[in-house]
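With PDB, C-alpha atoms and all ligand atoms inside, this is work_31.pdb:
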```pdb
ATOM      1  CA  MET A   1     -11.612 -16.991   6.999
ATOM      2  CA  GLU A   2      -8.096 -18.007   8.057
ATOM      3  CA  ASP A   3      -6.598 -19.924   5.128
ATOM      4  CA  LYS A   4      -7.915 -17.606   2.464
ATOM      5  CA  GLN A   5      -5.849 -17.180  -0.674
ATOM      6  CA  PRO A   6      -5.701 -13.591  -1.888
ATOM      7  CA  LEU A   7      -5.516 -13.175  -5.674
ATOM      8  CA  ASN A   8      -4.015  -9.714  -5.558
ATOM      9  CA  GLU A   9      -3.604  -6.760  -3.297
ATOM     10  CA  ILE A  10      -2.924  -3.034  -3.490
ATOM     11  CA  ARG A  11      -2.003  -0.490  -0.836
ATOM     12  CA  LEU A  12      -3.033   3.143  -0.870
ATOM     13  CA  PHE A  13      -2.734   6.090   1.447
ATOM     14  CA  LEU A  14      -5.953   8.032   2.034
ATOM     15  CA  ASN A  15      -5.198  11.520   3.332
ATOM     16  CA  ASP A  16      -8.675  12.393   4.483
ATOM     17  CA  GLU A  17     -12.327  11.444   4.311
ATOM     18  CA  ASN A  18     -12.640  12.837   0.760
ATOM     19  CA  GLU A  19     -10.063  10.358  -0.440
ATOM     20  CA  THR A  20     -11.832   7.507   1.334
ATOM     21  CA  ALA A  21     -14.989   8.660  -0.484
ATOM     22  CA  SER A  22     -13.176   8.860  -3.803
ATOM     23  CA  LEU A  23     -12.030   5.242  -3.456
ATOM     24  CA  ALA A  24     -15.586   4.221  -2.539
ATOM     25  CA  THR A  25     -16.963   6.041  -5.584
ATOM     26  CA  GLN A  26     -14.601   4.128  -7.865
ATOM     27  CA  PHE A  27     -15.773   0.826  -6.404
ATOM     28  CA  ALA A  28     -19.409   1.930  -6.695
ATOM     29  CA  SER A  29     -19.148   2.461 -10.424
ATOM     30  CA  LEU A  30     -17.338  -0.856 -10.913
ATOM     31  CA  LEU A  31     -19.889  -2.868  -8.922
ATOM     32  CA  THR A  32     -22.917  -1.259 -10.540
ATOM     33  CA  ALA A  33     -21.570  -1.260 -14.104
ATOM     34  CA  THR A  34     -23.909  -2.744 -16.648
ATOM     35  CA  ASP A  35     -22.556  -5.752 -18.486
ATOM     36  CA  SER A  36     -22.341  -4.421 -22.044
ATOM     37  CA  ALA A  37     -22.627  -7.922 -23.545
ATOM     38  CA  THR A  38     -25.903  -8.823 -21.857
ATOM     39  CA  GLU A  39     -27.206  -5.326 -20.991
ATOM     40  CA  THR A  40     -27.885  -6.599 -17.497
ATOM     41  CA  ALA A  41     -26.743  -5.064 -14.244
ATOM     42  CA  SER A  42     -23.821  -6.674 -12.470
ATOM     43  CA  SER A  43     -24.484  -9.764 -10.397
ATOM     44  CA  GLY A  44     -23.659  -8.137  -7.100
ATOM     45  CA  GLY A  45     -20.575  -8.250  -4.962
ATOM     46  CA  HIS A  46     -19.322  -8.566  -1.406
ATOM     47  CA  ILE A  47     -16.965  -6.063   0.179
ATOM     48  CA  TYR A  48     -15.670  -6.563   3.708
ATOM     49  CA  LEU A  49     -14.447  -3.516   5.605
ATOM     50  CA  ARG A  50     -11.928  -4.027   8.385
ATOM     51  CA  GLY A  51     -10.186  -1.654  10.746
ATOM     52  CA  ASP A  52     -10.328  -0.232  14.253
ATOM     53  CA  LEU A  53     -13.150   1.895  15.609
ATOM     54  CA  GLY A  54     -13.288   5.128  13.629
ATOM     55  CA  ALA A  55     -10.974   3.855  10.888
ATOM     56  CA  GLY A  56     -13.449   4.878   8.185
ATOM     57  CA  LYS A  57     -15.497   1.774   7.361
ATOM     58  CA  THR A  58     -18.840   3.577   7.568
ATOM     59  CA  SER A  59     -17.381   6.596   5.733
ATOM     60  CA  PHE A  60     -16.468   4.265   2.880
ATOM     61  CA  ALA A  61     -19.870   2.543   2.921
ATOM     62  CA  ARG A  62     -21.808   5.843   2.965
ATOM     63  CA  ALA A  63     -19.869   7.274   0.035
ATOM     64  CA  PHE A  64     -20.250   3.989  -1.822
ATOM     65  CA  LEU A  65     -24.020   3.828  -1.304
ATOM     66  CA  ARG A  66     -24.438   7.524  -2.159
ATOM     67  CA  ALA A  67     -22.516   7.007  -5.407
ATOM     68  CA  CYS A  68     -24.764   4.028  -6.189
ATOM     69  CA  GLY A  69     -27.763   6.359  -6.038
ATOM     70  CA  VAL A  70     -29.013   5.857  -2.475
ATOM     71  CA  SER A  71     -30.739   9.080  -1.423
ATOM     72  CA  GLY A  72     -31.834  10.175   2.036
ATOM     73  CA  ARG A  73     -30.128   9.366   5.300
ATOM     74  CA  ILE A  74     -27.607   6.528   5.290
ATOM     75  CA  LYS A  75     -27.470   5.306   8.878
ATOM     76  CA  SER A  76     -24.596   3.353  10.367
ATOM     77  CA  PRO A  77     -25.847  -0.184  11.011
ATOM     78  CA  SER A  78     -23.918  -0.400  14.304
ATOM     79  CA  TYR A  79     -27.131  -0.884  16.318
ATOM     80  CA  ALA A  80     -29.512  -2.493  13.853
ATOM     81  CA  LEU A  81     -26.806  -4.808  12.381
ATOM     82  CA  LEU A  82     -28.349  -4.320   8.952
ATOM     83  CA  GLU A  83     -29.560  -1.433   6.789
ATOM     84  CA  SER A  84     -30.896  -2.239   3.350
ATOM     85  CA  TYR A  85     -31.581  -0.190   0.235
ATOM     86  CA  LYS A  86     -32.937  -0.710  -3.229
ATOM     87  CA  VAL A  87     -31.974   1.454  -6.197
ATOM     88  CA  SER A  88     -33.813   0.566  -9.405
ATOM     89  CA  ASN A  89     -33.370  -3.219  -9.587
ATOM     90  CA  LEU A  90     -30.321  -3.502  -7.342
ATOM     91  CA  TYR A  91     -30.402  -4.504  -3.669
ATOM     92  CA  PHE A  92     -27.800  -3.180  -1.226
ATOM     93  CA  TYR A  93     -27.141  -4.556   2.252
ATOM     94  CA  HIS A  94     -24.892  -2.720   4.715
ATOM     95  CA  LEU A  95     -24.052  -4.778   7.800
ATOM     96  CA  ASP A  96     -22.013  -4.140  10.921
ATOM     97  CA  PHE A  97     -21.138  -7.174  13.057
ATOM     98  CA  TYR A  98     -19.424  -5.232  15.860
ATOM     99  CA  ARG A  99     -22.147  -6.217  18.341
ATOM    100  CA  PHE A 100     -22.765  -9.619  16.857
ATOM    101  CA  SER A 101     -22.279 -12.338  19.439
ATOM    102  CA  ASP A 102     -24.712 -15.176  18.997
ATOM    103  CA  PRO A 103     -24.642 -17.254  15.799
ATOM    104  CA  ARG A 104     -28.386 -17.789  16.240
ATOM    105  CA  GLU A 105     -28.798 -14.120  15.330
ATOM    106  CA  TRP A 106     -27.324 -15.127  12.005
ATOM    107  CA  ILE A 107     -30.085 -17.578  11.221
ATOM    108  CA  ASP A 108     -32.857 -15.467  12.785
ATOM    109  CA  ALA A 109     -31.941 -12.399  10.778
ATOM    110  CA  GLY A 110     -31.723 -14.359   7.532
ATOM    111  CA  PHE A 111     -28.147 -13.272   6.846
ATOM    112  CA  ARG A 112     -27.469 -16.393   4.838
ATOM    113  CA  ASP A 113     -30.171 -15.389   2.340
ATOM    114  CA  ILE A 114     -28.726 -11.923   2.005
ATOM    115  CA  LEU A 115     -25.343 -13.348   1.051
ATOM    116  CA  GLN A 116     -26.837 -15.656  -1.549
ATOM    117  CA  GLU A 117     -28.850 -13.081  -3.437
ATOM    118  CA  ASN A 118     -27.376 -11.138  -6.336
ATOM    119  CA  ALA A 119     -27.000  -8.180  -4.044
ATOM    120  CA  ILE A 120     -24.261  -5.730  -3.207
ATOM    121  CA  VAL A 121     -23.204  -6.407   0.375
ATOM    122  CA  LEU A 122     -20.906  -4.275   2.519
ATOM    123  CA  ILE A 123     -19.851  -5.736   5.872
ATOM    124  CA  GLU A 124     -18.110  -3.890   8.702
ATOM    125  CA  TRP A 125     -16.400  -6.019  11.375
ATOM    126  CA  PRO A 126     -16.649  -9.285   9.370
ATOM    127  CA  GLU A 127     -14.158 -10.868  11.806
ATOM    128  CA  GLN A 128     -16.930 -10.826  14.454
ATOM    129  CA  ALA A 129     -18.839 -13.364  12.350
ATOM    130  CA  ALA A 130     -15.814 -15.329  11.182
ATOM    131  CA  GLY A 131     -16.713 -18.895  10.376
ATOM    132  CA  LEU A 132     -20.186 -17.899   9.226
ATOM    133  CA  LEU A 133     -19.143 -15.698   6.348
ATOM    134  CA  PRO A 134     -17.888 -16.816   2.938
ATOM    135  CA  LEU A 135     -14.850 -15.115   1.418
ATOM    136  CA  PRO A 136     -15.589 -11.647   0.041
ATOM    137  CA  ASP A 137     -14.798 -10.470  -3.466
ATOM    138  CA  ILE A 138     -12.838  -7.591  -1.932
ATOM    139  CA  GLU A 139     -11.578  -6.871   1.554
ATOM    140  CA  ILE A 140     -10.526  -3.347   2.523
ATOM    141  CA  SER A 141      -8.466  -2.931   5.680
ATOM    142  CA  LEU A 142      -8.103   0.611   6.983
ATOM    143  CA  GLU A 143      -5.387   1.544   9.439
ATOM    144  CA  TYR A 144      -4.648   4.820  11.200
ATOM    145  CA  ALA A 145      -1.537   6.460   9.710
ATOM    146  CA  ASP A 146      -0.693   9.968  10.933
ATOM    147  CA  GLU A 147      -3.756  12.090  10.109
ATOM    148  CA  GLY A 148      -4.887   9.746   7.341
ATOM    149  CA  ARG A 149      -5.389   6.059   6.737
ATOM    150  CA  ASN A 150      -3.452   3.277   5.061
ATOM    151  CA  ALA A 151      -5.746   1.090   3.009
ATOM    152  CA  ARG A 152      -4.910  -2.473   2.043
ATOM    153  CA  ILE A 153      -7.290  -3.752  -0.612
ATOM    154  CA  THR A 154      -7.311  -7.477  -1.300
ATOM    155  CA  ALA A 155      -9.192  -9.450  -3.943
ATOM    156  CA  TYR A 156     -10.384 -12.992  -3.192
ATOM    157  CA  SER A 157     -12.387 -13.717  -6.353
ATOM    158  CA  ASN A 158     -11.899 -13.215 -10.085
ATOM    159  CA  LYS A 159     -14.590 -10.573  -9.995
ATOM    160  CA  GLY A 160     -12.818  -8.769  -7.162
ATOM    161  CA  GLN A 161      -9.512  -9.047  -8.975
ATOM    162  CA  SER A 162     -10.990  -7.471 -12.065
ATOM    163  CA  TRP A 163     -12.394  -4.536 -10.038
ATOM    164  CA  LEU A 164      -9.105  -4.077  -8.243
ATOM    165  CA  SER A 165      -7.207  -3.894 -11.527
ATOM    166  CA  LYS A 166      -9.379  -0.917 -12.517
ATOM    167  CA  ILE A 167      -8.828   1.135  -9.357
ATOM    168  CA  THR A 168      -6.741   4.135 -10.331
ATOM    169  CA  PRO A 169      -4.728   6.173  -7.886
ATOM    170  CA  THR A 170      -6.063   9.613  -8.805
ATOM    171  CA  GLY A 171      -3.412  12.263  -8.399
ATOM    172  CA  PRO A 172      -1.519  12.478  -5.137
ATOM    173  CA  ALA A 173      -4.723  11.436  -3.433
ATOM    174  CA  LEU A 174      -4.559   7.678  -3.688
ATOM    175  CA  ARG A 175      -0.876   7.092  -4.176
ATOM    176  CA  PRO A 176       0.694   4.731  -1.672
ATOM    177  CA  LYS A 177       2.442   6.609   1.065
ATOM    178  CA  ASP A 178       6.243   6.306   0.969
ATOM    179  CA  PRO A 179       7.631   4.755   4.107
ATOM    180  CA  PRO A 180       9.691   7.225   6.162
ATOM    181  CA  ALA A 181      13.388   7.252   5.275
ATOM    182  CA  GLY A 182      15.300   4.614   7.169
ATOM    183  CA  ASP A 183      12.171   2.556   7.779
ATOM    184  CA  SER A 184      12.770  -0.823   6.200
TER     185      SER A 184
HETATM  186  N1  LIG B 201      -8.738   8.723   5.002
HETATM  187  C1  LIG B 201      -9.117   9.324   6.125
HETATM  188  N2  LIG B 201      -8.244  10.070   6.825
HETATM  189  C2  LIG B 201      -8.598  10.678   7.989
HETATM  190  N3  LIG B 201      -9.844  10.615   8.538
HETATM  191  C3  LIG B 201     -10.753   9.882   7.867
HETATM  192  C4  LIG B 201     -10.443   9.203   6.651
HETATM  193  N4  LIG B 201     -11.552   8.548   6.222
HETATM  194  C5  LIG B 201     -12.500   8.786   7.145
HETATM  195  N5  LIG B 201     -12.047   9.607   8.123
HETATM  196  C6  LIG B 201     -12.726  10.092   9.335
HETATM  197  O1  LIG B 201     -12.625   9.041  10.303
HETATM  198  C7  LIG B 201     -13.879   8.828  10.917
HETATM  199  C8  LIG B 201     -14.372   7.462  10.494
HETATM  200  O2  LIG B 201     -15.566   7.170  11.148
HETATM  201  P1  LIG B 201     -16.413   5.921  10.698
HETATM  202  O3  LIG B 201     -17.694   5.962  11.446
HETATM  203  O4  LIG B 201     -16.453   5.843   9.229
HETATM  204  O5  LIG B 201     -15.497   4.722  11.257
HETATM  205  P2  LIG B 201     -15.822   3.178  11.342
HETATM  206  O6  LIG B 201     -14.597   2.486  10.867
HETATM  207  O7  LIG B 201     -17.100   2.874  10.663
HETATM  208  O8  LIG B 201     -15.945   2.935  12.916
HETATM  209  P3  LIG B 201     -16.829   1.848  13.713
HETATM  210  O9  LIG B 201     -15.945   0.648  13.894
HETATM  211  O10 LIG B 201     -17.108   2.528  15.001
HETATM  212  O11 LIG B 201     -18.063   1.525  12.922
HETATM  213  C9  LIG B 201     -14.793   9.943  10.470
HETATM  214  O12 LIG B 201     -14.678  10.996  11.409
HETATM  215  C10 LIG B 201     -14.193  10.369   9.119
HETATM  216  O13 LIG B 201     -14.390  11.742   8.848
HETATM  217 MG    MG B 202     -18.838   1.970  11.270
END
```

Show how you would write the structure in this file as structure tokens.
Ligand SMILES: Nc1ncnc2c1ncn2[C@@H]1O[C@H](COP(=O)(O)OP(=O)(O)OP(=O)(O)O)[C@@H](O)[C@H]1O
Ligand SMILES: [Mg+2]
Amino acid sequence: MEDKQPLNEIRLFLNDENETASLATQFASLLTATDSATETASSGGHIYLRGDLGAGKTSFARAFLRACGVSGRIKSPSYALLESYKVSNLYFYHLDFYRFSDPREWIDAGFRDILQENAIVLIEWPEQAAGLLPLPDIEISLEYADEGRNARITAYSNKGQSWLSKITPTGPALRPKDPPAGDS
């Protein structure tokens, strides 16, 4: 995933977990929107979530899945590597590659199939499986910034670019944080 060519990128400041959830909810409605021309559900999408431990990757994924209609407990896949859900005719896969070490796990767990289906796939720690993963539609990098998080959201496909263009900074919540005076 080294020589990837981003199509566009936005930066936002997320003050707290609610704002992380609000961003996730916006993406949820974009990825599950019905195509008005064909009346069919979207053809899936891949979102990679990067950032240090505790940066908010699972917070984003939980809020996203909840907004897509997943009910019941949404577990972090940090131990199982994969949690999957189905809501009406849509499949959701939430993966966490933090503990991923052996590429054979990749084949054994059928990850390749998951990425080829018309599913919605969220991947935490994609860098742990670099070389095995295709480019995502969207990559979200979360970074600690004071009490909140800086988010860098990058599109790598036309589909991702179109979603990104519809993300709206809602109120002060999702506006990019001004750099401190004198910080160039
Ligand atoms: N924008 C935000 N500002 C401040 N705190 C946040 C923000 N978004 C989420 N949090 C908090 O940060 C923590 C994020 O934990 P979470 O499990 O989501 O991290 P993670 O990136 O998945 O970590 P891991 O790499 O261990 O899987 C939670 O306590 C959550 O309440
Ligand atoms: Mg996590």

What does the PyMOL selection byres (((chain A and resi 84) around 9) and not hetatm) select in this file, as a list in words?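 That selection, the PyMOL selection byres (((chain A and resi 84) around 9) and not hetatm), comes back as Leu82, Glu83, Tyr85, Lys86, Tyr91, Phe92, Tyr93, His94 and Leu95 of chain A.
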
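Distance-wise, atom CA of A:Ala80 and atom O4 of ligand LIG 201 (chain B) end up 16.2 Å apart.
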
Rank nothing, just name the residue among A:Ala119, A:Ser78, A:Ala24, A:Asn15 nearest to A:Arg99, using all atoms listed in the file. A:Ser78

Using only C-alpha atoms, give me every residue within 12 Å of (-31.3, 7.0, -8.7) in file coordinates, as an MDAnalysis selection string. chainID A and resid 32 65:72 85:90

Going by the chain IDs and residue numbers used in this file, which residues fall under the PyMOL selection byres (((not hetatm)) within 10 of (chain B and resi 202))? Write them as an MDAnalysis selection string. chainID A and resid 49:62 75:78 95:98 123:125

Padding 3 Å on every side, please: axis-aligned box over the listed atoms of stretch 160-168 of chain A, centre and edge lengths to one decimal in Å, as JSON.
```
{"center_x": -9.8, "center_y": -2.5, "center_z": -9.8, "size_x": 12.1, "size_y": 19.2, "size_z": 11.4}
```

Specify as an MDAnalysis selection string each residue included when the PyMOL selection byres (((chain A and resi 117) around 12) and not hetatm) is applied to this file. chainID A and resid 43:46 90:93 110:116 118:121

Considering all atoms listed in the file, state which residue in the set A:Glu9, A:Asp108, A:Asp137, A:Glu127 is at the smallest distance from ligand LIG 201 (chain B). A:Glu127

So, counting only C-alpha atoms and all ligand atoms, which residue among A:Arg11, A:Arg104, A:Lys159, A:Arg149 is closest to ligand LIG 201 (chain B)? A:Arg149

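Interatomic distance, atom C4 of ligand LIG 201 (chain B) to atom CA of A:Ser165: 22.6 Å.
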
So the first atom is atom CA of A:Ala151 and the second is atom CA of A:Trp106; what is the distance between them in Å, to one decimal place? 28.5 Å

Go through A:Asn8, A:Ser29, A:Ser101, A:Gln161 one by one, measure the shortest atom-to-atom distance of each to A:Leu132 using all atoms listed in the file, and give the residue with the smallest value.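 The closest residue to A:Leu132 is A:Ser101.
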
Pick the closest to ligand LIG 201 (chain B) from A:Phe27, A:Glu19, A:Gly160, A:Ile47: which is it, counting all atoms listed in the file?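 Among the listed residues, the smallest separation from ligand LIG 201 (chain B) belongs to A:Glu19.
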
Compare A:Leu7, A:Leu122, A:Asn18, A:Leu23 by their minimum atom-to-atom distance to A:Lys166, counting all atoms listed in the file, and give me the closest one. A:Leu23
